[in-house]
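Enquirer: Can you read through this structure? Questions will come right after.
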Amino acid sequence: MKKNINEFAFELRNKYPNTYNDLEDDELVKLWLKKFPGDKSKIIDLEDHLQQVTEPIFDLNDNVLYIPNSITDRLPAMVRNELKKLHPSKQEEFLEEYKRRKKSVFVGYMCWLIFGWQYAYIRKWGVQILYWFTGGGFLIWAFIDLFRIPKLVSNYNKDVSIEVMRNLKSIS
């Protein structure tokens, strides 16, 4: 069933919640059709509204991120700016590697609760050994970490994003 521009944009926003809310309907559909030109057949009024989108050419000057806002909001500004300069396929490579290597706050809490391994989880082995030798800082440090784990994991994930970007740029 063919849809008009607004219906198609609404469908995309429902499919990827909190991702394309900052774009107008026409802009969203243009961006989508650049990435997936085969979806032109799903839209009724394509010729009337989107005459500019005729072929799947990716202009590197577009400075468009093809990564969901829920992820880009957590990345450092430097990484976001570098991602905008990359071809969409390279952005996808970044996203796959970042998702593979990033850590979860929930798992960080589980490591803290069950084993006291929250620093080992984010690969800070020196701090982890000190934590063990002091018995969690006589349990004071352990209590403070209850509130610090989200920030520790967030900082780790930012470092991972920088490293993934560095590796991606050195390969290409």
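Residue numbering restarts at 1 for every chain of the structure tokens, chains are lettered A, B, ... in their displayed order, and ligands are numbered from 1 as they appear.
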Within 8 Å of stretch 75-77 of chain A, counting only C-alpha atoms, which residues show up once you throw out same-chain ones fewer than 4 positions away? Write them as a ChimeraX atom specification, please.

Expert: /A:71,81,158,161-162

Enquirer: Near A:Ile67, counting only C-alpha atoms, which residues have an atom at most 10 Å away, once you skip same-chain residues fewer than 3 positions from it, shown as a list in words?

Expert: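 So the residues in contact are Thr19, Tyr20, Val64, Ser70, Ile71, Thr72, Arg80, Leu83, Lys84, Pro88, Gln91, Glu92, Phe94 and Leu95 of chain A.
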
Enquirer: Would you mind exporting the chosen residues as a CSV table (one decimal), in the first residue's frame, restricted to all heavy atoms?

Expert:
```
chain,number,residue,atom,x,y,z
A,19,THR,N,14.5,8.8,17.2
A,19,THR,CA,15.7,8.9,16.3
A,19,THR,C,15.6,10.0,15.3
A,19,THR,O,16.5,10.8,15.2
A,19,THR,CB,15.8,7.5,15.5
A,19,THR,OG1,15.8,6.5,16.5
A,19,THR,CG2,17.0,7.5,14.7
A,20,TYR,N,14.4,10.2,14.7
A,20,TYR,CA,14.3,11.2,13.7
A,20,TYR,C,13.4,12.4,14.0
A,20,TYR,O,12.8,13.0,13.2
A,20,TYR,CB,13.8,10.6,12.4
A,20,TYR,CG,14.8,9.5,11.8
A,20,TYR,CD1,14.4,8.2,11.9
A,20,TYR,CD2,16.0,9.9,11.3
A,20,TYR,CE1,15.3,7.2,11.4
A,20,TYR,CE2,16.9,8.9,10.8
A,20,TYR,CZ,16.5,7.6,10.9
A,20,TYR,OH,17.4,6.6,10.4
A,64,VAL,N,25.3,14.5,7.4
A,64,VAL,CA,24.2,13.8,8.0
A,64,VAL,C,24.6,12.6,8.7
A,64,VAL,O,25.5,11.8,8.3
A,64,VAL,CB,23.2,13.4,6.8
A,64,VAL,CG1,22.0,12.6,7.4
A,64,VAL,CG2,22.7,14.6,6.1
A,70,SER,N,19.7,8.4,19.9
A,70,SER,CA,19.8,7.9,21.3
A,70,SER,C,21.3,7.4,21.5
A,70,SER,O,21.8,7.4,22.6
A,70,SER,CB,18.9,6.7,21.5
A,70,SER,OG,19.2,5.7,20.5
A,71,ILE,N,22.0,7.1,20.5
A,71,ILE,CA,23.4,6.8,20.6
A,71,ILE,C,24.3,8.0,20.4
A,71,ILE,O,25.2,8.2,21.2
A,71,ILE,CB,23.8,5.7,19.6
A,71,ILE,CG1,23.1,4.4,19.9
A,71,ILE,CG2,25.3,5.5,19.5
A,71,ILE,CD1,23.3,3.3,19.0
A,72,THR,N,24.0,8.9,19.4
A,72,THR,CA,24.9,10.0,19.2
A,72,THR,C,24.9,11.0,20.3
A,72,THR,O,25.8,11.7,20.5
A,72,THR,CB,24.5,10.7,17.9
A,72,THR,OG1,23.1,11.1,17.9
A,72,THR,CG2,24.8,9.9,16.7
A,80,ARG,N,31.1,12.9,17.1
A,80,ARG,CA,29.9,13.2,16.3
A,80,ARG,C,30.3,14.0,15.0
A,80,ARG,O,29.9,13.7,13.9
A,80,ARG,CB,28.9,14.0,17.1
A,80,ARG,CG,28.1,13.2,18.1
A,80,ARG,CD,26.9,14.0,18.6
A,80,ARG,NE,27.3,15.2,19.2
A,80,ARG,CZ,27.5,15.5,20.5
A,80,ARG,NH1,27.3,14.5,21.3
A,80,ARG,NH2,27.8,16.6,20.9
A,83,LEU,N,32.0,11.7,12.6
A,83,LEU,CA,31.0,10.8,12.0
A,83,LEU,C,30.3,11.5,10.8
A,83,LEU,O,30.0,10.8,9.8
A,83,LEU,CB,30.0,10.3,13.0
A,83,LEU,CG,30.4,9.1,13.9
A,83,LEU,CD1,29.4,8.9,15.0
A,83,LEU,CD2,30.6,7.9,13.0
A,84,LYS,N,30.0,12.7,11.0
A,84,LYS,CA,29.3,13.5,9.9
A,84,LYS,C,30.1,13.5,8.7
A,84,LYS,O,29.5,13.6,7.6
A,84,LYS,CB,29.0,14.9,10.4
A,84,LYS,CG,27.9,15.0,11.4
A,84,LYS,CD,27.6,16.4,11.9
A,84,LYS,CE,26.6,16.5,13.0
A,84,LYS,NZ,26.4,17.9,13.4
A,88,PRO,N,28.0,6.9,4.7
A,88,PRO,CA,27.1,6.1,5.5
A,88,PRO,C,27.5,4.7,5.8
A,88,PRO,O,27.3,4.2,6.9
A,88,PRO,CB,25.8,6.1,4.7
A,88,PRO,CG,25.9,7.4,3.9
A,88,PRO,CD,27.3,7.6,3.6
A,91,GLN,N,29.8,4.9,8.7
A,91,GLN,CA,29.1,5.2,9.9
A,91,GLN,C,28.5,3.9,10.5
A,91,GLN,O,28.4,3.7,11.7
A,91,GLN,CB,28.0,6.2,9.6
A,91,GLN,CG,28.5,7.6,9.4
A,91,GLN,CD,27.4,8.6,9.2
A,91,GLN,OE1,26.2,8.4,9.7
A,91,GLN,NE2,27.7,9.7,8.5
A,92,GLU,N,28.0,3.1,9.6
A,92,GLU,CA,27.4,1.8,10.0
A,92,GLU,C,28.5,0.9,10.6
A,92,GLU,O,28.3,0.2,11.6
A,92,GLU,CB,26.8,1.1,8.9
A,92,GLU,CG,25.4,1.7,8.5
A,92,GLU,CD,24.8,0.9,7.3
A,92,GLU,OE1,24.9,-0.3,7.2
A,92,GLU,OE2,24.1,1.6,6.5
A,94,PHE,N,31.2,2.0,12.2
A,94,PHE,CA,31.4,2.6,13.5
A,94,PHE,C,30.4,2.1,14.5
A,94,PHE,O,30.7,1.7,15.6
A,94,PHE,CB,31.4,4.1,13.4
A,94,PHE,CG,31.4,4.7,14.8
A,94,PHE,CD1,32.6,5.0,15.4
A,94,PHE,CD2,30.2,5.1,15.4
A,94,PHE,CE1,32.6,5.5,16.7
A,94,PHE,CE2,30.2,5.7,16.7
A,94,PHE,CZ,31.4,5.9,17.3
A,95,LEU,N,29.1,2.2,14.1
A,95,LEU,CA,28.0,1.8,15.0
A,95,LEU,C,28.1,0.3,15.4
A,95,LEU,O,27.9,0.0,16.6
A,95,LEU,CB,26.7,2.1,14.3
A,95,LEU,CG,25.4,1.8,15.1
A,95,LEU,CD1,25.4,2.7,16.3
A,95,LEU,CD2,24.2,2.1,14.3
```

Enquirer: Can you pull out every residue within 6 Å of stretch 29-44 of chain A, counting only C-alpha atoms, but drop anything in the same chain fewer than 3 positions away, and send it as a VMD selection string?

Expert: chain A and resid 2 to 4 26 56

Enquirer: Could you write out the selected residues, including C-alpha atoms, as a CSV table (one decimal), in the first residue's frame?

Expert:
```csv
chain,number,residue,atom,x,y,z
A,2,LYS,CA,1.4,3.4,-1.0
A,3,LYS,CA,1.5,6.2,1.5
A,4,ASN,CA,1.9,9.9,1.3
A,26,ASP,CA,10.2,15.9,3.7
A,56,PRO,CA,21.2,7.0,-4.4
```

Enquirer: In Å, rounded to a single decimal, give me how far atom CA of A:Tyr119 is from atom CA of A:Arg101.

Expert: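 Those two atoms sit 15.8 Å apart.
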